[in-house]
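> Got my_file-v6.cif for you, mmCIF, C-alpha atoms and all ligand atoms:
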```
data_my_file
loop_
_atom_site.label_atom_id
_atom_site.label_comp_id
_atom_site.auth_asym_id
_atom_site.auth_seq_id
_atom_site.Cartn_x
_atom_site.Cartn_y
_atom_site.Cartn_z
CA MET A 1 0.00 0.00 0.00
CA SER A 2 1.38 3.44 -0.83
CA ARG A 3 1.75 5.95 1.94
CA ILE A 4 -1.12 7.99 0.58
CA ALA A 5 -3.32 4.93 0.15
CA GLY A 6 -2.38 3.89 3.68
CA LYS A 7 -3.34 7.29 5.08
CA PHE A 8 -6.57 7.13 3.15
CA PHE A 9 -7.28 3.71 4.66
CA LEU A 10 -6.63 5.08 8.16
CA VAL A 11 -8.92 8.06 7.60
CA VAL A 12 -11.67 5.79 6.25
CA LEU A 13 -11.20 3.44 9.17
CA VAL A 14 -11.39 6.18 11.78
CA ALA A 15 -14.30 7.87 10.03
CA GLY A 16 -16.10 4.53 9.81
CA LEU A 17 -15.60 4.00 13.50
CA VAL A 18 -17.01 7.41 14.40
CA LEU A 19 -19.95 7.02 12.01
CA SER A 20 -20.75 3.57 13.32
CA GLY A 21 -21.20 5.21 16.74
CA CYS A 22 -18.93 2.69 18.38
CA SER A 23 -19.68 2.08 22.00
CA LYS A 24 -18.36 4.44 24.63
CA GLY A 25 -17.51 7.25 22.23
CA GLY A 26 -14.64 5.65 20.36
CA GLN A 27 -12.34 5.36 23.33
CA SER A 28 -10.15 2.33 23.78
CA ALA A 29 -10.58 0.02 26.74
CA SER A 30 -7.75 1.70 28.63
CA GLU A 31 -9.03 5.21 27.94
CA GLN A 32 -12.35 4.28 29.45
CA GLY A 33 -10.68 3.64 32.78
CA GLY A 34 -11.27 -0.04 32.16
CA LYS A 35 -9.07 -0.92 35.11
CA SER A 36 -11.33 0.46 37.82
CA SER A 37 -14.60 -0.59 36.17
CA GLY A 38 -13.39 -4.02 35.05
CA PRO A 39 -11.96 -4.90 31.69
CA ASP A 40 -13.84 -3.67 28.65
CA ARG A 41 -15.19 -6.39 26.39
CA SER A 42 -16.64 -4.27 23.62
CA PHE A 43 -13.57 -2.62 22.19
CA ALA A 44 -10.05 -3.77 21.33
CA THR A 45 -7.17 -2.08 19.51
CA ILE A 46 -4.37 -3.82 17.63
CA GLY A 47 -0.98 -2.06 17.54
CA THR A 48 0.57 -2.54 14.10
CA GLY A 49 3.46 -0.72 12.39
CA GLY A 50 4.07 1.95 9.77
CA LEU A 51 1.55 2.55 7.01
CA THR A 52 3.86 1.11 4.34
CA GLY A 53 4.57 -2.13 6.22
CA VAL A 54 2.59 -5.37 6.38
CA TYR A 55 1.61 -5.21 10.09
CA TYR A 56 -0.82 -2.44 9.27
CA VAL A 57 -2.45 -4.65 6.64
CA ALA A 58 -2.44 -7.65 9.01
CA GLY A 59 -4.13 -5.64 11.77
CA GLY A 60 -6.65 -4.25 9.28
CA ALA A 61 -7.40 -7.78 8.04
CA VAL A 62 -7.99 -9.11 11.56
CA SER A 63 -10.21 -6.17 12.48
CA LYS A 64 -12.23 -6.58 9.28
CA ILE A 65 -12.77 -10.29 9.94
CA VAL A 66 -13.74 -9.85 13.59
CA ASN A 67 -15.91 -6.78 13.01
CA ALA A 68 -17.93 -8.72 10.45
CA LYS A 69 -19.27 -10.68 13.45
CA TYR A 70 -20.17 -7.62 15.49
CA ASP A 71 -23.74 -8.83 15.99
CA GLN A 72 -22.46 -12.01 17.60
CA TYR A 73 -19.62 -10.72 19.78
CA LYS A 74 -20.47 -7.02 20.24
CA LEU A 75 -16.74 -6.47 19.88
CA LYS A 76 -15.27 -3.64 17.79
CA VAL A 77 -11.64 -4.06 16.78
CA THR A 78 -9.62 -1.12 15.47
CA VAL A 79 -6.00 -0.76 14.41
CA GLU A 80 -3.37 1.77 15.35
CA SER A 81 -0.26 2.61 13.32
CA THR A 82 2.78 2.42 15.65
CA GLY A 83 6.59 2.27 15.61
CA GLY A 84 6.49 -1.57 15.51
CA SER A 85 7.14 -4.68 17.62
CA VAL A 86 8.89 -3.25 20.68
CA PHE A 87 6.35 -0.46 21.03
CA ASN A 88 3.46 -2.93 20.58
CA ILE A 89 4.72 -5.39 23.19
CA ASN A 90 5.21 -2.61 25.75
CA ALA A 91 1.83 -1.02 24.98
CA VAL A 92 0.04 -4.37 25.32
CA LEU A 93 1.82 -5.09 28.62
CA SER A 94 0.96 -1.65 30.01
CA GLY A 95 -2.71 -2.09 29.03
CA ASP A 96 -2.70 0.74 26.46
CA LEU A 97 -3.46 -1.73 23.66
CA GLU A 98 -5.23 -5.10 23.80
CA PHE A 99 -3.35 -6.72 20.91
CA GLY A 100 -0.15 -6.09 18.98
CA VAL A 101 1.73 -7.52 16.04
CA ALA A 102 5.30 -8.37 17.04
CA GLN A 103 8.27 -10.21 15.58
CA SER A 104 8.82 -13.73 16.97
CA ASP A 105 12.34 -12.78 18.12
CA ARG A 106 10.96 -9.80 20.06
CA GLN A 107 8.23 -11.99 21.58
CA SER A 108 10.92 -14.42 22.78
CA GLN A 109 13.14 -11.64 24.16
CA ALA A 110 10.28 -9.99 26.08
CA TRP A 111 9.12 -13.31 27.54
CA LYS A 112 12.67 -14.17 28.67
CA GLY A 113 13.67 -10.66 29.74
CA GLU A 114 16.38 -10.15 27.13
CA ALA A 115 17.47 -7.25 24.88
CA GLU A 116 15.12 -4.25 25.45
CA TRP A 117 13.59 -6.12 28.43
CA GLN A 118 16.85 -7.00 30.14
CA ASP A 119 16.42 -4.39 32.90
CA LYS A 120 12.71 -5.09 33.40
CA GLY A 121 13.09 -8.89 33.45
CA PRO A 122 10.82 -11.57 32.00
CA GLN A 123 7.45 -10.21 30.90
CA LYS A 124 5.22 -12.80 32.52
CA ASP A 125 1.92 -11.31 31.31
CA LEU A 126 2.87 -11.64 27.64
CA ARG A 127 0.54 -14.05 25.79
CA VAL A 128 0.28 -15.29 22.22
CA VAL A 129 -2.71 -15.55 19.91
CA CYS A 130 -0.92 -17.04 16.88
CA ALA A 131 1.90 -16.59 14.40
CA LEU A 132 1.24 -14.74 11.15
CA HIS A 133 3.34 -14.15 7.99
CA ALA A 134 7.10 -14.55 7.49
CA GLU A 135 9.31 -11.47 7.62
CA SER A 136 12.77 -11.01 6.11
CA VAL A 137 15.54 -8.78 7.41
CA THR A 138 15.78 -6.62 4.30
CA LEU A 139 18.59 -4.25 3.35
CA VAL A 140 17.74 -1.84 0.54
CA ALA A 141 20.53 0.32 -0.96
CA ALA A 142 20.88 2.95 -3.67
CA ASP A 143 22.82 1.65 -6.70
CA ASP A 144 25.00 4.79 -6.72
CA ALA A 145 26.20 4.16 -3.13
CA SER A 146 28.32 1.10 -4.08
CA ILE A 147 26.83 -1.21 -1.46
CA ASN A 148 26.93 -4.81 -2.67
CA SER A 149 27.52 -6.59 0.62
CA ILE A 150 26.75 -5.69 4.19
CA GLY A 151 30.46 -4.92 4.76
CA ASP A 152 30.15 -2.08 2.21
CA LEU A 153 27.95 -0.21 4.70
CA LYS A 154 31.09 1.06 6.47
CA GLY A 155 30.91 4.87 6.58
CA LYS A 156 27.47 4.96 4.93
CA ARG A 157 24.28 6.66 6.10
CA VAL A 158 21.89 3.89 7.05
CA ASN A 159 18.45 3.95 8.66
CA ILE A 160 18.39 1.01 11.08
CA GLY A 161 14.92 1.87 12.44
CA ASP A 162 13.32 3.57 15.44
CA PRO A 163 13.71 2.25 19.01
CA GLY A 164 10.07 1.05 19.00
CA SER A 165 10.69 -1.13 15.97
CA GLY A 166 11.58 -4.78 15.87
CA ASN A 167 13.93 -4.29 12.94
CA ARG A 168 16.44 -2.06 14.74
CA GLY A 169 17.71 -5.07 16.73
CA ASN A 170 17.91 -7.25 13.60
CA ALA A 171 19.92 -4.55 11.82
CA ILE A 172 22.35 -4.36 14.74
CA ASP A 173 22.70 -8.18 14.77
CA ALA A 174 23.33 -8.25 11.01
CA LEU A 175 25.95 -5.49 11.26
CA GLU A 176 27.71 -7.16 14.20
CA ASN A 177 27.68 -10.48 12.35
CA ALA A 178 29.54 -8.73 9.52
CA GLY A 179 32.05 -7.23 11.97
CA LEU A 180 30.57 -3.71 11.97
CA ASN A 181 29.74 -1.62 15.03
CA TRP A 182 26.49 0.26 14.39
CA GLU A 183 27.54 3.21 16.55
CA THR A 184 31.01 3.78 15.15
CA ASP A 185 31.31 2.10 11.73
CA ILE A 186 28.21 3.50 10.03
CA LYS A 187 26.28 6.77 10.20
CA ALA A 188 23.17 5.28 11.75
CA GLU A 189 19.78 6.98 11.61
CA GLN A 190 17.07 5.67 13.95
CA LEU A 191 13.99 6.85 12.14
CA LYS A 192 10.65 5.15 11.52
CA ALA A 193 10.59 2.73 8.61
CA VAL A 194 7.75 4.64 6.99
CA GLU A 195 10.24 7.46 6.23
CA SER A 196 12.95 5.24 4.74
CA ALA A 197 11.86 5.03 1.09
CA LYS A 198 11.60 8.82 0.75
CA LEU A 199 14.90 9.41 2.57
CA LEU A 200 16.57 6.98 0.14
CA GLN A 201 15.01 8.57 -2.91
CA ASP A 202 15.90 12.08 -1.67
CA GLY A 203 19.54 11.06 -1.25
CA ARG A 204 19.51 11.62 2.52
CA ILE A 205 20.42 7.99 3.30
CA ASP A 206 22.38 5.40 1.31
CA ALA A 207 20.51 2.33 2.57
CA TYR A 208 17.95 1.11 5.09
CA PHE A 209 17.08 -2.02 7.04
CA TYR A 210 13.49 -3.17 7.47
CA THR A 211 12.33 -6.52 8.83
CA VAL A 212 9.10 -6.95 6.96
CA GLY A 213 6.85 -9.22 4.88
CA HIS A 214 6.96 -9.04 1.08
CA PRO A 215 5.80 -7.35 -1.01
CA ASN A 216 5.34 -4.17 1.02
CA GLY A 217 4.55 -0.53 0.35
CA SER A 218 7.91 0.72 1.62
CA MET A 219 9.89 -1.25 -0.96
CA MET A 220 7.39 -0.62 -3.76
CA GLU A 221 7.94 3.09 -3.03
CA ALA A 222 11.73 2.73 -2.71
CA THR A 223 12.06 0.87 -6.04
CA ALA A 224 9.66 3.10 -7.96
CA GLY A 225 11.67 6.33 -7.81
CA THR A 226 14.28 7.84 -10.12
CA ARG A 227 17.20 6.79 -7.89
CA LYS A 228 17.84 3.15 -8.77
CA VAL A 229 17.92 0.75 -5.81
CA HIS A 230 18.59 -2.91 -5.09
CA PHE A 231 18.36 -5.47 -2.29
CA VAL A 232 21.70 -6.35 -0.67
CA PRO A 233 22.39 -10.01 0.21
CA ILE A 234 22.83 -10.75 3.92
CA ASP A 235 24.73 -14.04 3.80
CA ASN A 236 27.21 -15.86 6.05
CA VAL A 237 24.49 -16.04 8.67
CA ASP A 238 25.11 -19.62 9.89
CA ASN A 239 26.72 -18.41 13.13
CA LEU A 240 23.98 -15.87 13.70
CA ILE A 241 21.29 -18.54 13.32
CA LYS A 242 23.19 -20.86 15.66
CA LYS A 243 23.41 -18.09 18.27
CA PHE A 244 19.78 -16.93 17.87
CA PRO A 245 17.53 -19.92 17.04
CA TYR A 246 14.57 -17.64 16.27
CA TYR A 247 16.31 -16.65 13.04
CA ALA A 248 15.99 -18.73 9.85
CA LYS A 249 17.33 -18.28 6.32
CA SER A 250 14.98 -16.65 3.82
CA PHE A 251 15.13 -14.71 0.55
CA ILE A 252 13.49 -11.76 -1.18
CA PRO A 253 11.89 -12.86 -4.47
CA LYS A 254 13.06 -10.76 -7.41
CA LYS A 255 9.66 -11.09 -9.08
CA LEU A 256 7.93 -9.07 -6.35
CA TYR A 257 9.89 -5.92 -7.22
CA PRO A 258 10.32 -5.60 -11.00
CA ASN A 259 11.88 -2.12 -10.61
CA ALA A 260 14.69 -3.21 -8.27
CA THR A 261 17.93 -3.67 -10.22
CA ASN A 262 18.62 -7.16 -8.79
CA THR A 263 18.82 -9.91 -11.38
CA SER A 264 18.00 -12.74 -8.99
CA ASP A 265 16.45 -13.48 -5.58
CA THR A 266 18.31 -11.99 -2.60
CA PRO A 267 19.36 -14.29 0.26
CA THR A 268 18.87 -13.10 3.82
CA TYR A 269 17.37 -14.33 7.10
CA GLY A 270 14.15 -13.66 8.91
CA VAL A 271 11.59 -14.15 11.64
CA LYS A 272 7.82 -14.44 11.87
CA ALA A 273 5.22 -11.82 12.61
CA THR A 274 3.04 -12.91 15.54
CA LEU A 275 -0.12 -11.62 17.18
CA ILE A 276 0.39 -11.03 20.89
CA THR A 277 -1.79 -9.95 23.79
CA SER A 278 -1.71 -9.77 27.60
CA ALA A 279 -2.92 -12.21 30.24
CA LYS A 280 -5.08 -9.30 31.46
CA VAL A 281 -7.19 -9.18 28.30
CA PRO A 282 -10.47 -11.07 28.94
CA ASP A 283 -10.67 -14.66 27.64
CA ASP A 284 -13.85 -14.07 25.62
CA VAL A 285 -12.24 -11.19 23.69
CA VAL A 286 -9.18 -13.29 22.78
CA TYR A 287 -11.37 -16.33 22.06
CA ALA A 288 -13.47 -14.33 19.56
CA VAL A 289 -10.41 -12.90 17.80
CA THR A 290 -8.67 -16.30 17.63
CA LYS A 291 -11.74 -18.17 16.40
CA GLU A 292 -12.53 -15.65 13.68
CA ILE A 293 -8.92 -15.57 12.42
CA PHE A 294 -8.72 -19.37 12.22
CA GLU A 295 -12.18 -19.85 10.76
CA ASN A 296 -11.71 -17.19 8.08
CA LEU A 297 -8.25 -18.17 6.88
CA ASP A 298 -9.33 -18.11 3.22
CA THR A 299 -10.40 -14.49 3.58
CA LEU A 300 -7.18 -13.64 5.41
CA ARG A 301 -5.01 -15.32 2.75
CA GLY A 302 -6.70 -13.24 0.07
CA LEU A 303 -5.99 -9.92 1.76
CA HIS A 304 -2.21 -9.79 1.15
CA PRO A 305 0.27 -11.94 -0.82
CA ALA A 306 2.35 -12.39 2.37
CA PHE A 307 -0.63 -14.20 3.96
CA GLU A 308 -1.08 -16.69 1.08
CA THR A 309 1.00 -19.40 2.73
CA LEU A 310 -0.67 -19.23 6.16
CA THR A 311 -2.02 -22.54 7.47
CA LYS A 312 -3.56 -23.47 10.82
CA GLU A 313 -0.43 -25.53 11.49
CA ASN A 314 2.21 -22.91 10.67
CA MET A 315 0.26 -20.27 12.61
CA LEU A 316 0.99 -22.34 15.72
CA GLU A 317 4.76 -22.43 15.08
CA GLY A 318 7.49 -20.00 16.06
CA ASN A 319 5.99 -18.77 19.32
CA THR A 320 7.81 -18.68 22.68
CA ALA A 321 5.41 -17.08 25.19
CA PRO A 322 2.38 -19.13 26.28
CA TYR A 323 -0.89 -19.00 24.37
CA HIS A 324 -3.61 -16.88 25.96
CA ASP A 325 -6.30 -18.94 27.73
CA GLY A 326 -8.92 -17.58 25.32
CA ALA A 327 -6.85 -18.72 22.33
CA MET A 328 -6.22 -22.12 23.97
CA LYS A 329 -9.94 -22.59 24.51
CA TYR A 330 -10.47 -22.23 20.74
CA PHE A 331 -7.49 -24.43 19.78
CA LYS A 332 -8.78 -27.24 22.01
CA GLU A 333 -12.33 -26.89 20.72
CA ALA A 334 -11.06 -27.01 17.13
CA GLY A 335 -8.83 -30.04 17.83
CA LEU A 336 -5.67 -28.05 17.06
CA MET A 337 -4.08 -28.79 20.47
N1 LIG A 401 8.84 -5.94 11.73
C1 LIG A 401 8.65 -4.53 11.86
C2 LIG A 401 8.77 -4.14 13.31
O1 LIG A 401 8.50 -4.90 14.17
C3 LIG A 401 7.33 -4.03 11.31
C4 LIG A 401 7.01 -4.55 9.93
C5 LIG A 401 5.67 -4.13 9.41
O2 LIG A 401 5.11 -3.14 9.84
O3 LIG A 401 5.17 -4.87 8.54
O4 LIG A 401 9.09 -3.06 13.63
#
```
Any chance you could give the structure as structure tokens?
Ligand code: GLU

Amino acid sequence: MSRIAGKFFLVVLVAGLVLSGCSKGGQSASEQGGKSSGPDRSFATIGTGGLTGVYYVAGGAVSKIVNAKYDQYKLKVTVESTGGSVFNINAVLSGDLEFGVAQSDRQSQAWKGEAEWQDKGPQKDLRVVCALHAESVTLVAADDASINSIGDLKGKRVNIGDPGSGNRGNAIDALENAGLNWETDIKAEQLKAVESAKLLQDGRIDAYFYTVGHPNGSMMEATAGTRKVHFVPIDNVDNLIKKFPYYAKSFIPKKLYPNATNTSDTPTYGVKATLITSAKVPDDVVYAVTKEIFENLDTLRGLHPAFETLTKENMLEGNTAPYHDGAMKYFKEAGLM
């Protein structure tokens, strides 16, 4: 989705919500003071990512599917554009959001109290609904910047992503794996991924990292401009995968981006997008969301090419934190567990 189309979608979504006279004046559960009056069961928000990523589409797809059953559940699901995985996990844990899309590596780190959660410790309230699409750690570079391997990033201006993103950590891992220190060897920007394509086209950065499903609006935008760009292979990742088992090899199909100057698929590594929630979110809310996702998989698969390969089986793989009781109730009922 282009940035403009994405904004349009957001405006339509918000306008639709207001027009539909959603319960309690369009406030989210937390804004309604849900804590003192008991958890709200009529409204849930999914934290996603930037408008040119795939999380925003995934959140929109889930909300569309669940809202179609409003008469049955009396549950209105909306989406919020955010900085990404780290922001979403923290917002779900603090009760500001009911659901969030988050990378499987970030889910694992939060559950175990690693990386961004090292000081806070294991996040025991983190719960899983299911896994979603595959995401690849993607490095996009301008042809004129002479970047053909990750080592060529030395001295270059690179957007690694904002601190709320999941991809910032993957970029740092990829750089370290190639012997580069992100603070001293490159000129690192830490801006939101939604800005990256324009910054690259305007000549203000030489390359950017984004851990994301394919195809996506960011890379459609980045490859459609006058400055020619290509995907840079991230190889020699065997040690990285050994060290961090949540990583797996993947590739970016050439055919998805006809305007990129690559002549073949680009090898890299990746993670999975997952849908997470908190133990504090009521079971019936999570049950409804889980059931509708799993029982409308055909619809979901048709809403984005990155969802085409989703199956009930692979949506239960790649998770570290425990499943939410509401999700478990559905999985048992459906014979999936
Ligand atoms: N994986 C990215 C992150 O967690 C977001 C990708 C997307 O929005 O599709 O920050």
> May I have a table of the residues of chain A lying at most 8 Å from ligand LIG 401 (chain A), giving each one's closest pair of atoms and their distance in Å to one decimal, counting all atoms listed in the file, ordered by chain and ascending residue number, as JSON lines?

```
{"residue": "A:Thr48", "atom": "CA", "partner": "A:LIG401", "partner_atom": "O2", "distance": 6.3}
{"residue": "A:Gly49", "atom": "CA", "partner": "A:LIG401", "partner_atom": "O2", "distance": 3.9}
{"residue": "A:Gly50", "atom": "CA", "partner": "A:LIG401", "partner_atom": "O2", "distance": 5.2}
{"residue": "A:Leu51", "atom": "CA", "partner": "A:LIG401", "partner_atom": "O2", "distance": 7.3}
{"residue": "A:Thr52", "atom": "CA", "partner": "A:LIG401", "partner_atom": "O2", "distance": 7.1}
{"residue": "A:Gly53", "atom": "CA", "partner": "A:LIG401", "partner_atom": "O3", "distance": 3.6}
{"residue": "A:Val54", "atom": "CA", "partner": "A:LIG401", "partner_atom": "O3", "distance": 3.4}
{"residue": "A:Tyr55", "atom": "CA", "partner": "A:LIG401", "partner_atom": "O3", "distance": 3.9}
{"residue": "A:Tyr56", "atom": "CA", "partner": "A:LIG401", "partner_atom": "O2", "distance": 6.0}
{"residue": "A:Val57", "atom": "CA", "partner": "A:LIG401", "partner_atom": "O3", "distance": 7.9}
{"residue": "A:Gly83", "atom": "CA", "partner": "A:LIG401", "partner_atom": "O4", "distance": 6.2}
{"residue": "A:Gly84", "atom": "CA", "partner": "A:LIG401", "partner_atom": "O4", "distance": 3.5}
{"residue": "A:Ser85", "atom": "CA", "partner": "A:LIG401", "partner_atom": "O1", "distance": 3.7}
{"residue": "A:Val86", "atom": "CA", "partner": "A:LIG401", "partner_atom": "O1", "distance": 6.7}
{"residue": "A:Val101", "atom": "CA", "partner": "A:LIG401", "partner_atom": "O1", "distance": 7.5}
{"residue": "A:Ala102", "atom": "CA", "partner": "A:LIG401", "partner_atom": "O1", "distance": 5.5}
{"residue": "A:Gln103", "atom": "CA", "partner": "A:LIG401", "partner_atom": "O1", "distance": 5.5}
{"residue": "A:Glu135", "atom": "CA", "partner": "A:LIG401", "partner_atom": "N1", "distance": 6.9}
{"residue": "A:Gly161", "atom": "CA", "partner": "A:LIG401", "partner_atom": "O4", "distance": 7.7}
{"residue": "A:Gly164", "atom": "CA", "partner": "A:LIG401", "partner_atom": "O4", "distance": 6.8}
{"residue": "A:Ser165", "atom": "CA", "partner": "A:LIG401", "partner_atom": "O4", "distance": 3.4}
{"residue": "A:Gly166", "atom": "CA", "partner": "A:LIG401", "partner_atom": "O1", "distance": 3.5}
{"residue": "A:Asn167", "atom": "CA", "partner": "A:LIG401", "partner_atom": "O4", "distance": 5.0}
{"residue": "A:Arg168", "atom": "CA", "partner": "A:LIG401", "partner_atom": "O4", "distance": 7.5}
{"residue": "A:Ala193", "atom": "CA", "partner": "A:LIG401", "partner_atom": "O4", "distance": 7.8}
{"residue": "A:Tyr210", "atom": "CA", "partner": "A:LIG401", "partner_atom": "C1", "distance": 6.7}
{"residue": "A:Thr211", "atom": "CA", "partner": "A:LIG401", "partner_atom": "N1", "distance": 4.6}
{"residue": "A:Val212", "atom": "CA", "partner": "A:LIG401", "partner_atom": "C4", "distance": 4.4}
{"residue": "A:Gly213", "atom": "CA", "partner": "A:LIG401", "partner_atom": "O3", "distance": 5.9}
{"residue": "A:Asn216", "atom": "CA", "partner": "A:LIG401", "partner_atom": "O3", "distance": 7.6}
{"residue": "A:Ala273", "atom": "CA", "partner": "A:LIG401", "partner_atom": "N1", "distance": 7.0}
```
> Name all residues at most 12 Å from stretch 303-305 of chain A (count only C-alpha atoms; drop same-chain ones fewer than 5 positions away) and give them as an mmCIF file with C-alpha atoms, in the coordinates of the input.

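Result went into part_13.cif, see below:
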```
data_model
loop_
_atom_site.group_PDB
_atom_site.id
_atom_site.type_symbol
_atom_site.label_atom_id
_atom_site.label_comp_id
_atom_site.auth_asym_id
_atom_site.auth_seq_id
_atom_site.Cartn_x
_atom_site.Cartn_y
_atom_site.Cartn_z
ATOM 1 C CA MET A 1 0.000 0.000 0.000
ATOM 2 C CA GLY A 53 4.570 -2.130 6.220
ATOM 3 C CA VAL A 54 2.590 -5.370 6.380
ATOM 4 C CA TYR A 55 1.610 -5.210 10.090
ATOM 5 C CA TYR A 56 -0.820 -2.440 9.270
ATOM 6 C CA VAL A 57 -2.450 -4.650 6.640
ATOM 7 C CA ALA A 58 -2.440 -7.650 9.010
ATOM 8 C CA GLY A 59 -4.130 -5.640 11.770
ATOM 9 C CA GLY A 60 -6.650 -4.250 9.280
ATOM 10 C CA ALA A 61 -7.400 -7.780 8.040
ATOM 11 C CA VAL A 62 -7.990 -9.110 11.560
ATOM 12 C CA LYS A 64 -12.230 -6.580 9.280
ATOM 13 C CA ILE A 65 -12.770 -10.290 9.940
ATOM 14 C CA LEU A 132 1.240 -14.740 11.150
ATOM 15 C CA HIS A 133 3.340 -14.150 7.990
ATOM 16 C CA ALA A 134 7.100 -14.550 7.490
ATOM 17 C CA GLY A 213 6.850 -9.220 4.880
ATOM 18 C CA HIS A 214 6.960 -9.040 1.080
ATOM 19 C CA PRO A 215 5.800 -7.350 -1.010
ATOM 20 C CA ASN A 216 5.340 -4.170 1.020
ATOM 21 C CA GLY A 217 4.550 -0.530 0.350
ATOM 22 C CA LEU A 256 7.930 -9.070 -6.350
ATOM 23 C CA ASN A 296 -11.710 -17.190 8.080
ATOM 24 C CA LEU A 297 -8.250 -18.170 6.880
ATOM 25 C CA ASP A 298 -9.330 -18.110 3.220
ATOM 26 C CA LEU A 310 -0.670 -19.230 6.160
#
```
> How many Å separate atom CA of A:Trp111 from atom CA of A:Thr320?
7.4 Å
> In terms of the shortest atom-to-atom distance over only C-alpha atoms, which of A:Ala222, A:Val285, A:Leu240, A:Ile46 is closest to A:Gly203?
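Nearest to A:Gly203: A:Ala222.
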> Between A:Leu75, A:Ala321, A:Leu316, A:Val137, which residue has the minimum interatomic distance to A:Leu336, considering all atoms listed in the file?
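Checking each of A:Leu75, A:Ala321, A:Leu316, A:Val137 against A:Leu336, counting all atoms listed in the file, the winner is A:Leu316.
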> Using only C-alpha atoms for the distances, tell me which of A:Asn177, A:Thr268, A:Thr184, A:Thr277 is nearest to A:Lys242.
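Counting only C-alpha atoms, the residue closest to A:Lys242 is A:Asn177.
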> List the residues sitting within 7 Å of (-10.9, -10.8, 14.3) in the file's frame, using all atoms listed in the file, as a ChimeraX atom specification.
/A:62-67,288-290,292-293
> Choose the residue, out of A:Thr45, A:Thr78, A:Asn239, A:Ser196, that has the smallest atom-to-atom separation from A:Ser218; count only C-alpha atoms.
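Looking only at the distances to A:Ser218, the closest residue turns out to be A:Ser196.
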> Choose the residue, out of A:Asn181, A:Gln118, A:Asn170, A:Ser278, that has the smallest atom-to-atom separation from A:Glu98; count only C-alpha atoms.
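For A:Glu98, the nearest of the candidates is A:Ser278.
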> Calculate how many Å separate atom CA of A:Leu139 from atom CA of A:Tyr208, rounding to one decimal.
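For atom CA of A:Leu139 relative to atom CA of A:Tyr208, the distance reads 5.7 Å.
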> Which is closer to A:Gly95 than all the others in A:Ala279, A:Leu175, A:Leu153, A:Val158, using all atoms listed in the file?
A:Ala279
> Contacts of A:Ala327 at 9 Å or less, counting all atoms listed in the file, minus same-chain residues fewer than 5 places along, as a list in words?
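After dropping sequence-adjacent residues, the list is Val128, Val129, Cys130, Asp283, Val286, Tyr287, Ala288, Val289, Thr290, Lys291 and Lys332 of chain A.
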> Counting all atoms listed in the file, find the residues whose atoms lie at most 7 Å from (33.8, 0.0, 8.9) (file coordinates) and write them out as a PyMOL selection string.
chain A and resi 154-155+180+185-186
> Would you list the contacts of A:Gln123 as number ranges by chain, taking every protein, DNA or RNA residue within 9 Å and counting only C-alpha atoms, but skipping same-chain residues closer than 5 positions in sequence?
A: 93, 109-113, 117
> Name all residues at most 6 Å from A:Arg157 (count all atoms listed in the file; drop same-chain ones fewer than 5 positions away) and give them as an MDAnalysis selection string.
chainID A and resid 187:188 205:206
> Within 7 Å of A:Asp265, counting all atoms listed in the file, which residues qualify if same-chain residues fewer than 4 places away don't, as an NGL selection string?
:A and (251-254)
